[in-house]
Amino acid sequence: MPVPKKMTTSSEAFTKEALEVRAEPALLRGVFSNYALVSHTPHDFMINFCVQYDGDTHLTARVMMTPMQIRRLSKAIEGNIEKYEERFGEIEEKAPAQHATTKKIGHKKKTKAKKKTKGQRIKKSAKK
């Protein structure tokens with residue numbers, strides 16, 4: 001089994017010190033999400049990260065956190081959004097209907113032509 005790699009990150013919302021995190025190499029790839037669903041119970045929050053394309057929604061990751069952790073995450077995200085917008089400009093929010101749509105790319109499936117029965121061939125030749 002491969003040795004987990006070390007990542008170093010810092011977040012002002014959590015601590016002023018660098019945090020050393022160990023991660024399996026496969027987790028370092030991450031997953032893409034262009035849609036998220038958030039729900040909660042009295043005890044935890046759940047974030048379902050999804051990818052939407054061709055009219056379908058596919059779950060790519062699910063994260064469950066305590067209310068205290070989600071509050072900290074919320075503050076960290078807000079702080080990072082402020083820094084991002086200071087550097088790159090305001091993030092434009094688009095309504096879902098305005099998002100770009102995707103087209104299927106690739107070869108179309110070839111469908112086999114239905115064989116005509118003897119009765120269908122006779123009817124066609126009789127009409128001529």
# chains A, B, ... in the order shown; residues from 1 in each chain; ligands from 1

$ select_by_dssp --residues "region 30-106 of chain A" --states "strand (DSSP E or B)" --output "PyMOL selection string"
chain A and resi 35-40+45-53+56-65

$ write_last_selection --atoms "C-alpha atoms" --output "short mmCIF file (atom, residue, chain, number, x, y, z; two decimals), in the first residue's frame"
data_model
loop_
_atom_site.label_atom_id
_atom_site.label_comp_id
_atom_site.auth_asym_id
_atom_site.auth_seq_id
_atom_site.Cartn_x
_atom_site.Cartn_y
_atom_site.Cartn_z
CA TYR A 35 -23.61 21.73 -8.68
CA ALA A 36 -24.02 21.07 -4.95
CA LEU A 37 -26.97 20.07 -2.80
CA VAL A 38 -26.86 20.90 0.91
CA SER A 39 -29.12 19.31 3.53
CA HIS A 40 -29.04 18.98 7.30
CA PHE A 45 -24.86 18.80 7.47
CA MET A 46 -24.45 16.88 4.23
CA ILE A 47 -23.11 18.34 0.99
CA ASN A 48 -23.63 16.32 -2.19
CA PHE A 49 -21.23 17.50 -4.89
CA CYS A 50 -22.55 16.73 -8.37
CA VAL A 51 -21.80 17.19 -12.04
CA GLN A 52 -24.68 18.19 -14.30
CA TYR A 53 -24.45 17.53 -18.04
CA ASP A 56 -28.46 14.42 -15.94
CA THR A 57 -27.04 14.99 -12.45
CA HIS A 58 -24.29 12.64 -11.24
CA LEU A 59 -23.02 12.51 -7.64
CA THR A 60 -19.22 12.84 -7.50
CA ALA A 61 -18.67 13.19 -3.73
CA ARG A 62 -20.60 13.40 -0.47
CA VAL A 63 -19.27 15.22 2.61
CA MET A 64 -20.89 15.13 6.06
CA MET A 65 -19.89 17.64 8.73
#

$ atom_distance --atom1 "CA of Phe88 (chain A)" --atom2 "CA of Val31 (chain A)"
23.4 Å
